[in-house]
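A short write-up of the structure that comes next.
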Amino acid sequence: MRLKQYIVDAFTDQVFHGNPAAICILDEWLPEKRMMDMTAENNLSETAFAVKEGIGYRLRWFTPGGEIDLCGHATLACAYVLLHFYEPEAQRIPFQTLSGELTVEKHGDLYEMDFPAYELKPIPVTEQMIDAIGAAPREAYLGRDLLCVFDSEETIRRMQPDQEKVRVLDGLLLQVTAPGTDTDCVSRTFAPKCGVAEDPVCGSGHCHIIPYWAKAFGKRELVAYQASRRGGTLYCRMDGDRVKLAGKAALYSVSELFI
């Protein structure tokens with residue numbers, strides 16, 4: 001079988017920045033093992049597969065550790081591929097996913113996603129957290145992920161958590177965040193449970209981060225920067241219990257797979 005695959009850098013307008021995702025638009029679903037084998041071969045934080053269903057697409061996301069229930073950067077990357085190569089007359093793509101219906105709308109060079117906001121439960125800061133992260137958060141919350149809040153952007157940028165100790169913390173991913181100097185907030189994402197040491201720019205993580213800072217700052221619209229080595233910018237807006245996440249994208253490659 002020959003299959004076309006696209007790699008798109010999401011939340012950036014430059015290749016080698018943002019978060020790369022591999023995208024495959026299928027006529028029909030491949031066996032799950034084959035999709036996992038492709039994900040492992042790509043060795044990116046996310047490989048996404050989509051199949052046309054009615055007026056939209058069924059979308060599934062895979063990390064090297066297995067299928068995941070929500071991924072922002074691969075959703076943006078998939079919408080970019082569809083709107084450029086498959087649905088060039090469209091401005092909006094609806095996806096059916098494990099997290100329900102998600103939509104992406106194109107506004108100029110921005111792709112705006114409509115995602116659910118996670119409910120954040122405050123939890124105590126523990127010595128186990130401090131030991132794993134290597135710094136003491138001022139607050140901690142649990143949604144799907146563990147969200148740890150710090151006072152300093154520099155603390156976020158310099159952080160070098162112990163991956164094995166992070167692996168045993170509560171939550172699927174570890175999100176760390178602080179107020180930003182040039183943006184409203186900065187963050188980083190660590191995901192050893194998913195086979196990813198650090199996710200360069202995490203859309204689903206901002207479904208935790210943006211609800212927190214929107215409430216803390218008393219504002220609905222925020223600009224967020226993910227301070228990984230690659231870096232990426234998200235333009236965010238709270239809309240009730242939903243989070244609008246917008247970003248740019250850059251095409252890195254189009255390849256043919258022989259599987």
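By convention here, the chains of the structure tokens are called A, B, ... in the order presented, each chain's residues are numbered starting at 1, and ligands are numbered starting at 1 in the order presented.
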| Could you pull the residues within 9 Å of Pro179 (chain A), counting only C-alpha atoms, minus those fewer than 2 positions along the same chain, as a list of chain:residue names? |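 What passes the distance filter is A:Val149, A:Phe150, A:Asp151, A:Ser152, A:Glu153, A:Thr177, A:Thr181, A:Thr183, A:Asp184, A:Cys185, A:Val186, A:Ser187, A:Trp213.
Within the 10 Å cut-off around Leu110 (chain A), using only C-alpha atoms and omitting residues fewer than 2 positions from it on the same chain, the listed residues are Phe11, Thr12, Asp13, Leu76, Tyr80, Val104, Glu105, Lys106, His107, Gly108, Glu112, Met113, Leu234, Tyr235, Leu245, Ala246, Gly247, Lys248 and Ala249 of chain A.
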| request: Go through A:Met238, A:Leu146, A:Ile133, A:Val243 and flag the residue nearest Pro161 (chain A), using only C-alpha atoms for the distances. | output: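 Nearest to Pro161 (chain A): A:Ile133.
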| message | Can you pull out every residue from region 26-56 of chain A that DSSP, working from the backbone, puts in helix (DSSP H, G or I), and format the result as an MDAnalysis selection string? | response | chainID A and resid 32:42
| request: Considering only C-alpha atoms, return as an MDAnalysis selection string whatever protein or nucleic-acid residues lie within 10 Å of region 41-49 of chain A, sequence-local ones (same chain, fewer than 2 positions apart) excluded. | output: chainID A and resid 5:7 19:26 28:30 35:39 51 57:68 71:75 77:78 191 194:202
Could you save those same residues with C-alpha atoms as an mmCIF file, in the first residue's frame?
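For reference, selection.cif as written:
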data_model
loop_
_atom_site.group_PDB
_atom_site.id
_atom_site.type_symbol
_atom_site.label_atom_id
_atom_site.label_comp_id
_atom_site.auth_asym_id
_atom_site.auth_seq_id
_atom_site.Cartn_x
_atom_site.Cartn_y
_atom_site.Cartn_z
ATOM 1 C CA GLN A 5 1.848 11.603 4.719
ATOM 2 C CA TYR A 6 2.262 15.259 5.608
ATOM 3 C CA ILE A 7 4.373 16.707 8.413
ATOM 4 C CA ASN A 19 5.141 21.275 17.249
ATOM 5 C CA PRO A 20 5.471 18.809 14.350
ATOM 6 C CA ALA A 21 2.637 16.381 13.651
ATOM 7 C CA ALA A 22 2.399 13.679 10.995
ATOM 8 C CA ILE A 23 -0.954 13.621 9.197
ATOM 9 C CA CYS A 24 -2.481 10.843 7.085
ATOM 10 C CA ILE A 25 -5.844 11.288 5.357
ATOM 11 C CA LEU A 26 -7.250 7.794 4.753
ATOM 12 C CA GLU A 28 -10.720 3.836 5.307
ATOM 13 C CA TRP A 29 -9.246 2.929 8.673
ATOM 14 C CA LEU A 30 -6.053 0.945 8.883
ATOM 15 C CA MET A 35 -1.299 3.018 12.879
ATOM 16 C CA MET A 36 0.729 2.462 16.047
ATOM 17 C CA ASP A 37 3.643 1.094 13.994
ATOM 18 C CA MET A 38 3.550 4.209 11.811
ATOM 19 C CA THR A 39 3.434 6.417 14.903
ATOM 20 C CA VAL A 51 -11.294 9.528 7.430
ATOM 21 C CA TYR A 57 -13.929 13.832 9.268
ATOM 22 C CA ARG A 58 -13.343 11.264 11.985
ATOM 23 C CA LEU A 59 -10.015 12.150 13.613
ATOM 24 C CA ARG A 60 -7.787 9.974 15.817
ATOM 25 C CA TRP A 61 -4.524 10.916 17.502
ATOM 26 C CA PHE A 62 -1.674 8.558 18.441
ATOM 27 C CA THR A 63 1.376 9.194 20.595
ATOM 28 C CA PRO A 64 4.266 6.690 20.749
ATOM 29 C CA GLY A 65 2.605 5.473 23.959
ATOM 30 C CA GLY A 66 -0.839 4.889 22.437
ATOM 31 C CA GLU A 67 -4.047 6.615 21.343
ATOM 32 C CA ILE A 68 -4.955 9.831 23.173
ATOM 33 C CA CYS A 71 -4.558 16.786 20.871
ATOM 34 C CA GLY A 72 -4.452 20.390 19.756
ATOM 35 C CA HIS A 73 -1.408 20.674 17.533
ATOM 36 C CA ALA A 74 -2.266 17.598 15.454
ATOM 37 C CA THR A 75 -5.844 18.856 15.041
ATOM 38 C CA ALA A 77 -2.056 20.364 11.494
ATOM 39 C CA CYS A 78 -4.795 18.097 10.132
ATOM 40 C CA ALA A 191 4.556 13.638 28.854
ATOM 41 C CA CYS A 194 2.884 8.985 26.495
ATOM 42 C CA GLY A 195 6.467 8.211 25.503
ATOM 43 C CA VAL A 196 7.235 11.924 24.976
ATOM 44 C CA ALA A 197 9.797 13.607 27.232
ATOM 45 C CA GLU A 198 8.654 17.135 26.305
ATOM 46 C CA ASP A 199 5.817 18.096 23.983
ATOM 47 C CA PRO A 200 7.031 21.244 22.167
ATOM 48 C CA VAL A 201 3.623 23.004 22.022
ATOM 49 C CA CYS A 202 0.587 21.356 23.607
#
| task | From a DSSP pass on the backbone, collect the residues of region 17-250 of chain A flagged as strand (DSSP E) and hand them back as a count of residues only. | result | 97
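Atom pair CA of Leu3 (chain A) / CA of Thr97 (chain A) has a distance of 22.1 Å (rounded to one decimal).
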| field | Option closest in space to Ala227 (chain A), from A:Gln163, A:Gln128, A:Thr189, A:Ser253 [counting only C-alpha atoms] | value | A:Thr189
| task | Just the residues within 9 Å of Val166 (chain A), please, counting only C-alpha atoms, with nothing from its chain fewer than 2 positions along; format it as an MDAnalysis selection string. | result | chainID A and resid 128:129 132:133 161:164 168:170 173:174 190:193
Just C-alpha atoms for this one: save the residues we selected as a PDB file, in the first residue's frame.
ATOM      1  CA  GLN A 128       6.680  14.252  45.436  1.00  0.00           C
ATOM      2  CA  MET A 129       5.767  17.021  42.944  1.00  0.00           C
ATOM      3  CA  ALA A 132       9.975  15.384  40.389  1.00  0.00           C
ATOM      4  CA  ILE A 133       9.854  18.908  38.971  1.00  0.00           C
ATOM      5  CA  PRO A 161      12.233  17.632  35.639  1.00  0.00           C
ATOM      6  CA  ASP A 162      13.110  14.028  36.412  1.00  0.00           C
ATOM      7  CA  GLN A 163      11.150  12.110  33.761  1.00  0.00           C
ATOM      8  CA  GLU A 164      10.850   8.899  35.767  1.00  0.00           C
ATOM      9  CA  VAL A 168       4.366   8.521  38.701  1.00  0.00           C
ATOM     10  CA  LEU A 169       2.652  11.870  39.366  1.00  0.00           C
ATOM     11  CA  ASP A 170      -1.112  12.184  39.003  1.00  0.00           C
ATOM     12  CA  LEU A 173       0.690  14.992  31.283  1.00  0.00           C
ATOM     13  CA  LEU A 174       2.504  17.525  33.443  1.00  0.00           C
ATOM     14  CA  PHE A 190       6.140  16.939  29.903  1.00  0.00           C
ATOM     15  CA  ALA A 191       4.556  13.638  28.854  1.00  0.00           C
ATOM     16  CA  PRO A 192       6.687  10.581  29.778  1.00  0.00           C
ATOM     17  CA  LYS A 193       3.522   8.470  30.225  1.00  0.00           C
TER      18      LYS A 193
END
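For the pair CA of Lys33 (chain A) and CA of Phe115 (chain A), the separation is 27.8 Å.
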| Expressed in Å to a single decimal, how great is the separation between CA of His208 (chain A) and CA of Ser228 (chain A)? |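 Interatomic distance, CA of His208 (chain A) to CA of Ser228 (chain A): 17.5 Å.
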